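The next block holds one structure in the form of structure tokens; read it before the comments.
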Protein chains: 2
Amino acid sequence: MRKINIRDFHVARRTTSRDINRHIALNLIREHQPISRADLARRMKITRGVVSVLVQELIAQELIYEGATGEAARGRKPTFLHIRTHDRLVVAVDVRFTKTYLMLCDFSGRELAIESYETVFSIPEFIKDLAWRVRKLLKRQEQGFTCEGIGLVVPGMVDQRTGKILNAPALGWRSVDIRTKLAAATGMPVHVENSARACALAQLWSERGEATGGHNFVYISVSDGVGTGIVVNGELLRGRDHIAGEFGHMPLNPDGPLCMCGASGCWETYTSNLATLSRYFGWNLSKRSPKRLKDAERSSFTVLDLVARARGGDAKAIAALQTSARFLGLGIATIINIINPDGIYLTGEITTAWDLIEDAVRQAIAERALTEAATRTPLRVTSTQEYPRLRGAAALIAAPTFAAPRVA
Amino acid sequence: MRKINIRDFHVARRTTSRDINRHIALNLIREHQPISRADLARRMKITRGVVSVLVQELIAQELIYEGATGEAARGRKPTFLHIRTHDRLVVAVDVRFTKTYLMLCDFSGRELAIESYETVFSIPEFIKDLAWRVRKLLKRQEQGFTCEGIGLVVPGMVDQRTGKILNAPALGWRSVDIRTKLAAATGMPVHVENSARACALAQLWSERGEATGGHNFVYISVSDGVGTGIVVNGELLRGRDHIAGEFGHMPLNPDGPLCMCGASGCWETYTSNLATLSRYFGWNLSKRSPKRLKDAERSSFTVLDLVARARGGDAKAIAALQTSARFLGLGIATIINIINPDGIYLTGEITTAWDLIEDAVRQAIAERALTEAATRTPLRVTSTQEYPRLRGAAALIAAPTFAAPRVA
DNA sequence: GGGATATTGTTCGCAACTCAAACAATACCG
DNA sequence: CGGTATTGTTTGAGTTGCGAACAATATCCC
């Protein structure tokens, strides 16, 4: 029961019906390819005649193509339709404190090349270096493709509309118009987004249908900090200033440890990688300044190492993980009570120890969830091996092709 | 950039364009009445010819009617169009721990009659009594109207789809199929909703355009507990189990006072009426059981009395309000960081002392808000005199007439 | 007072769209 | 090789938005 926005509505034009149906057809092909026109008509519950025209238009737009003919028990064999993805390329960039990851992939998310290197913190140098790497990456490809843009994600707050980085404390970047700079250096369209929200986008737009667990979910990325992306009605929640989704900075205890955001007792100070390592090494969080903590993080010992020790039987490591897991669960319970999503996705170093921490997480959720049904909210761990941030960066460029037309 | 839901999409039919445009026209008339066809055409940026037909259909559906002719500096005078509301009635019911409020109003929200009485906690008696009161209320009205349904709101969790009350601890109601019972007793359609979410609906669908401060906001109702309703993209966030929006139970401190929900340290234990009164009287919250607190609430001394004493110079009362205000602000800051709404609406007894507590609230927000822009999120206090819960209950029945058709 | 002008609301031909049904093109089966 | 089932196209009908012409007012101004 949505209210029509009187200040920003979209009247149906002569072509609106077809625009809508063409996009539905495109998305159905994307989801069920290879698929025939007749099958499309059945799924859409419209006549084959209309589907014929829709498909003809999609082919003319070079969004899909006809493939081989399929098999049928009786009657004429169907001609399969496919999404044209292999020659539409995207450059995805994931800037983190430790390293910068660079991926070239096609519109389906198929990985063509991937590389990583030490992050360059000076903005002009970063741009120059990145533009060079992108050119090199594309030169290596065969001819006959188009690169449709660069998707870039950073840990921090981003105004997605203008492409400006508002504040990325981990990188020390503040008020940087990265889109304009990078677009000027490469001549390509650039989209910028917060890394956790990009993960949510990756999940939403992932082509593998199995993952389509509803259009309402929250994505939680636990790493240096805790980032979250909220998807409601198949749309990423961006908010007035494009900074929505910062569950990481909800207070678990207003008198808790100091956080990089300036406040104290944020959820991320209890469950981030830093928090877990601090527990293990016995650092006193409340007395350390955020700056010092950044140095600590530079150290070579990571949560992955801690997990390895835990698996080796290190009791202190296990205890540190369990405590972080408990706080992780408390935060998840709160998210469930607030958003009541269809599911919650998790990623980050600590999730590699999911078998060790799942019980603690679920117990904490059960402790605070308001209904029994809420405790059964599905939790899905996505491996960091799948590069969720990079896939989200790619989705920034690829997704608009498939997005629903704005209407009413 | 919304993704089309492949499992639940709506193809555009032959009549879809007109359905969309008719609803847009209807909403524009609702917002700008009285309005002429020509003015509608200008606002919608479609030809007057189409508007003529749309209007003709809306008149045939008895959703609008032609009124007087207006004035024009030159040329033919316009015929004004109006929404038909005066003879479409709604019964709104607000069940609270202390009292039950009953209102008869028309589709515009115009109040025709209002009454309140001691809440009856026995379900069969409650239904019987309410059905009797509704019949009496309608009998008093003149003929020539239709009552289109009953909207009922309760403090607690409600499955809006099935009309079942899942758990309303304040009333001691649990798993009650109130819709079926009440519909059977009255023969009218019944819609049930959580009271804070109903307030959000009231705000969203309020006819007075001045309040239309965007289609993304959070409504916070501070009373016995703290209820919240989240509106995203002009739609109330209901969640998988229809229990979304429970900001009241986010933990401010996991070791805090015991809450009625079973957990401890929930936001509402720090800023609800009960919390404020407890501070004033020096009750030890953490040691009292929720049951005992309910008794305390039965006492005749309310937050309104406390506010009166504060205005009279009672230092302890002022201090209690200030502390609650600080925690209110901390919670609001968290909501802002998570949802980043266009605005936040507040109601409840404590907001009658807004002039006394605003500074403390804003200071707490500034303390935890992640950006400077976020601290400037507009806060709007809605008076309890306007019966926001009853208006929300009425919106449950009236709003579907105006809601956007589902498409794509 | 009466034509010029301006505005509202209706009508009509045209183009775009969905829809149902007929039709052509395959392919399998007995 | 005809019967049948299925895919994909075509065609005519009904619905809709669009543009332009038209009728119905009303004011302005000579």
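Residues are referred to by chain and number: the chain letter is A, B, ... according to the order shown in the structure tokens, the number counts from 1 in that chain, and ligands are numbered separately from 1 in the order shown.
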
Legend entry - Close residues, segment 183-196 of chain B itself excluded, 6 Å, only C-alpha atoms (C1' of nucleotides), min 6 positions apart in chain, as number ranges by chain: B: 131, 149-156, 158, 160, 163, 221, 227-229, 389

Legend entry - chain D contacts to chain B at 10 Å (only C-alpha atoms (C1' of nucleotides)) as a PyMOL selection string: chain D and resi 14-19+24-28

Would you save the residues of that selection, restricted to C-alpha atoms (C1' of nucleotides), as a PDB file, in the first residue's frame?
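Just written: result05.pdb:
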```pdb
ATOM      1  C1'  DG D  14     -10.483  -3.050 -28.167  1.00  0.00           C
ATOM      2  C1'  DT D  15      -8.133   0.295 -25.068  1.00  0.00           C
ATOM      3  C1'  DT D  16      -5.237   3.990 -24.294  1.00  0.00           C
ATOM      4  C1'  DG D  17      -2.384   8.421 -24.742  1.00  0.00           C
ATOM      5  C1'  DC D  18      -1.511  12.337 -27.923  1.00  0.00           C
ATOM      6  C1'  DG D  19      -2.265  16.326 -30.762  1.00  0.00           C
ATOM      7  C1'  DA D  24     -18.348  27.169 -24.624  1.00  0.00           C
ATOM      8  C1'  DT D  25     -17.520  30.816 -21.811  1.00  0.00           C
ATOM      9  C1'  DA D  26     -15.620  34.976 -19.959  1.00  0.00           C
ATOM     10  C1'  DT D  27     -12.844  39.307 -20.107  1.00  0.00           C
ATOM     11  C1'  DC D  28     -10.693  43.084 -22.482  1.00  0.00           C
TER      12       DC D  28
END
```

Legend entry - Distance-based interface of chain A with chain B, 6 Å, counting only C-alpha atoms, as a VMD selection string: chain A and resid 1 to 4 11 to 12 17 20 to 21 234 to 235 239 to 240 244 to 247 250 252 to 253 263 334 337 to 342 368 403 to 404 408

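Around Ala202 of chain B, within 8 Å and counting only C-alpha atoms (C1' of nucleotides), the residues found are B:Pro388, B:Arg389, B:Arg391, B:Gly392, B:Ala393, B:Ala394, B:Ala395, once anything fewer than 5 positions away on its own chain is removed.
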
List as a Markdown table every residue of chain C that is in contact with chain B, defined as an atom at most 9 Å from one of its atoms (using only C-alpha atoms (C1' of nucleotides)), together with the nearest atom pair and the distance in Å rounded to one decimal, sorted by chain and then rising number.
```
| residue | atom | partner | partner_atom | distance |
| --- | --- | --- | --- | --- |
| C:DT5 | C1' | B:Gly75 | CA | 8.7 |
| C:DA6 | C1' | B:Gly75 | CA | 5.1 |
| C:DT7 | C1' | B:Gly75 | CA | 4.1 |
| C:DT8 | C1' | B:Arg76 | CA | 5.3 |
| C:DG9 | C1' | B:Ser52 | CA | 7.3 |
| C:DT10 | C1' | B:Gly49 | CA | 7.2 |
| C:DT11 | C1' | B:Gly49 | CA | 8.5 |
| C:DC17 | C1' | B:Arg14 | CA | 7.0 |
| C:DT18 | C1' | B:Arg14 | CA | 4.8 |
| C:DC19 | C1' | B:Arg14 | CA | 8.1 |
```

Inset, instruction - Using backbone DSSP assignments, extract all helix (DSSP H, G or I) residues from segment 36-170 of chain B; output them as a PyMOL selection string. - result: chain B and resi 37-44+48-60+123-140
